[in-house]
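Here is the structure we will look at, set down as C-alpha cells.
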Amino acid sequence: MTEDKLRALGDAGVAIWLDELSRDILENGEFERLVRDCSVTGVTTNPTIFANAVARGSRYAVQLERLAANGIDVAEAVRAVMIWDVQRAADVLRPVWEKTGGVDGRVSLEVNPELADDTAATIAEAVQLWELVDRPNLLVKIPATRAGVRAVTGALAAGVNVNVTLVFSARRCAEVGAAYVDGLEQARENGHDLASIHSVSSLFVSRVDTEVDMRLDAKGVRELRGRAALANARLAHQALAEVWEGERWRSLAEDGARPQRLLWASTGVKDPAYPDTKYVTGLVTPGTVVTMPPATLSAFADHGEVAGGQVVGRHEEAAADIAAVAAAGIDLDDVYTTLEQQGVAKFAASWAALHASVGSQS
C-alpha cells in the first residue's frame, strides 16, 4: 500500500479513519503501521466489526478463558473484550489526538443497538462506556433514531464525546446538528469545558445507492442509477453547515465549542459496476472525515483521485439529482426510513452473534 494518495487526501483536509478493528491488527502491528505510514488518524467500530473479529480471530481466547474462569457472564465478557481493543487503539492514536488538539486520533465504540429506541437507557450506557474506557479520545456511537437523537443531547450534556451513527438523510443530519447544539448548551450549564467535547455525524453513503438503485431497477429507470448517494451526501453537508450560522452556535463557539464534523460512512462500493473509490473520490472536501474499510483504503492508496470542488458548490446539481430520483417515483423518505430500520436490525443481529461467539469460546 502506497501512502502518497492517502497523504494527498489528508492534505485536502479529509481525515482518514479506518472502518475496521480487531485484536489481530492491534497485536501484529498492522494498526500502528497504518497510523504511522498511511495517514490513518482514527478508527471506527460497530457490532458487526466486533462480531467478525471475535468469530475469526484466535487472539481473544486467552482473555475469554480467564473471564470465564472468574465467573464473568457473557454480556460482561463481550464488554470486556470490546473495551480492551478500544483502549489499545486509543493508546496508539493518542499521539495523533495530542498533535491535532483533540480533533483526530479518535476511536469509536457503539452502545448496545438493542437500546436504539430507549433514550434514557442509551444515555446511561453512553456515560458508562465513557467512564469504563477512560480515554479522552473515545467517541461513543449512538444511532440516529428519534430516541437516539435525544440521547445524543443527553450524552453531550454529560460531557461525553459522541459519534452519531446511522444518519441517512439531510434532514436527519440537520436534526443531529441541532441536538449537538442543545447538548453543548446543557454541557455548558453543567460546567463542562466545551473545547474538550467533540462529535461527528456519520452519514451512510453507499447504502443509499444500493436501496435507490434497487427501486429504480424495479421501475426500469436505469439512467438514474448511482446518482442518489453522492447527491444526498452533498445536501447533508449543506444542511449541517447551516447549523453553524445561527446565534446559538456563535455563542457556543465563543466559549470554545467546535463544529460537529460530517463523517462519510459506508464508503465501500456494493455494486461492482461502480468505481471502487466512488464514495471517497466523490466527496473530497475540507473539514470532513472519511471512514474506509481495508479494501477501500487499499484501493484508494493504489488509484484514488483527489480533486477539489466535490461537495461545496455542487448543491444545486445535487438537488436536481435528488429531484429527478423523486420524479421517477422513488419515495426517498421511505428509503431513509427503511435504511435506518435495516441498519439498526443489522447491528442488533451482529450484537446477538457477538454474544453467541463469545459464549461459545468462554
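Chain lettering (A, B, ...) mirrors the order of the C-alpha cells, residue numbering begins at 1 for each chain separately, and ligand numbering begins at 1 in order of display.
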
Nearby residues (only C-alpha atoms) at most 12 Å from A:Ile25, same-chain spacing under 3 positions excluded, as a ChimeraX atom specification: /A:18,20-22,28-35,43,53,57,59,85,88-89,92,294

May I have all residues of stretch 104-346 of chain A that DSSP, computed from the backbone, assigns to strand (DSSP E), given as a ChimeraX atom specification? /A:106-110,138-143,162-167,199-204,261-265,288-292

Within 9 Å of A:Ala55 using only C-alpha atoms, minus same-chain residues under 4 positions, as a tab-separated table (two decimals) with all heavy atoms, in the first residue's frame:
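Final file, out.tsv:
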chain	number	residue	atom	x	y	z
A	50	PHE	N	-16.96	-6.12	15.48
A	50	PHE	CA	-16.54	-6.92	16.62
A	50	PHE	C	-16.99	-8.38	16.48
A	50	PHE	O	-16.24	-9.30	16.83
A	50	PHE	CB	-17.08	-6.33	17.92
A	50	PHE	CG	-16.21	-5.26	18.50
A	50	PHE	CD1	-16.70	-3.97	18.67
A	50	PHE	CD2	-14.91	-5.52	18.87
A	50	PHE	CE1	-15.90	-2.97	19.21
A	50	PHE	CE2	-14.10	-4.53	19.41
A	50	PHE	CZ	-14.59	-3.25	19.58
A	51	ALA	N	-18.20	-8.60	15.97
A	51	ALA	CA	-18.68	-9.97	15.79
A	51	ALA	C	-17.76	-10.74	14.84
A	51	ALA	O	-17.39	-11.90	15.09
A	51	ALA	CB	-20.11	-9.97	15.27
A	353	ALA	N	-24.96	-12.13	17.50
A	353	ALA	CA	-23.93	-13.04	17.00
A	353	ALA	C	-22.64	-12.90	17.82
A	353	ALA	O	-21.96	-13.90	18.10
A	353	ALA	CB	-23.65	-12.76	15.53
A	354	LEU	N	-22.30	-11.67	18.20
A	354	LEU	CA	-21.12	-11.44	19.03
A	354	LEU	C	-21.25	-12.15	20.37
A	354	LEU	O	-20.31	-12.80	20.85
A	354	LEU	CB	-20.93	-9.94	19.23
A	354	LEU	CG	-19.84	-9.48	20.21
A	354	LEU	CD1	-18.47	-9.99	19.78
A	354	LEU	CD2	-19.84	-7.95	20.31
A	357	SER	N	-20.84	-15.87	19.83
A	357	SER	CA	-19.46	-16.24	19.58
A	357	SER	C	-18.63	-16.21	20.86
A	357	SER	O	-17.86	-17.13	21.14
A	357	SER	CB	-18.85	-15.29	18.54
A	357	SER	OG	-17.53	-15.66	18.24
A	358	VAL	N	-18.83	-15.19	21.68
A	358	VAL	CA	-18.14	-15.11	22.96
A	358	VAL	C	-18.56	-16.26	23.86
A	358	VAL	O	-17.74	-16.89	24.54
A	358	VAL	CB	-18.38	-13.74	23.62
A	358	VAL	CG1	-17.94	-13.76	25.09
A	358	VAL	CG2	-17.66	-12.64	22.87

Could you write out, as an MDAnalysis selection string, all the residues of stretch 226-282 of chain A that DSSP marks as helix (DSSP H, G or I)? chainID A and resid 228:243 247:254 278:281

Selected residue of minimal separation from A:Val81 among A:Val164, A:Trp351, A:Ser39, A:Arg23, counting only C-alpha atoms: A:Arg23
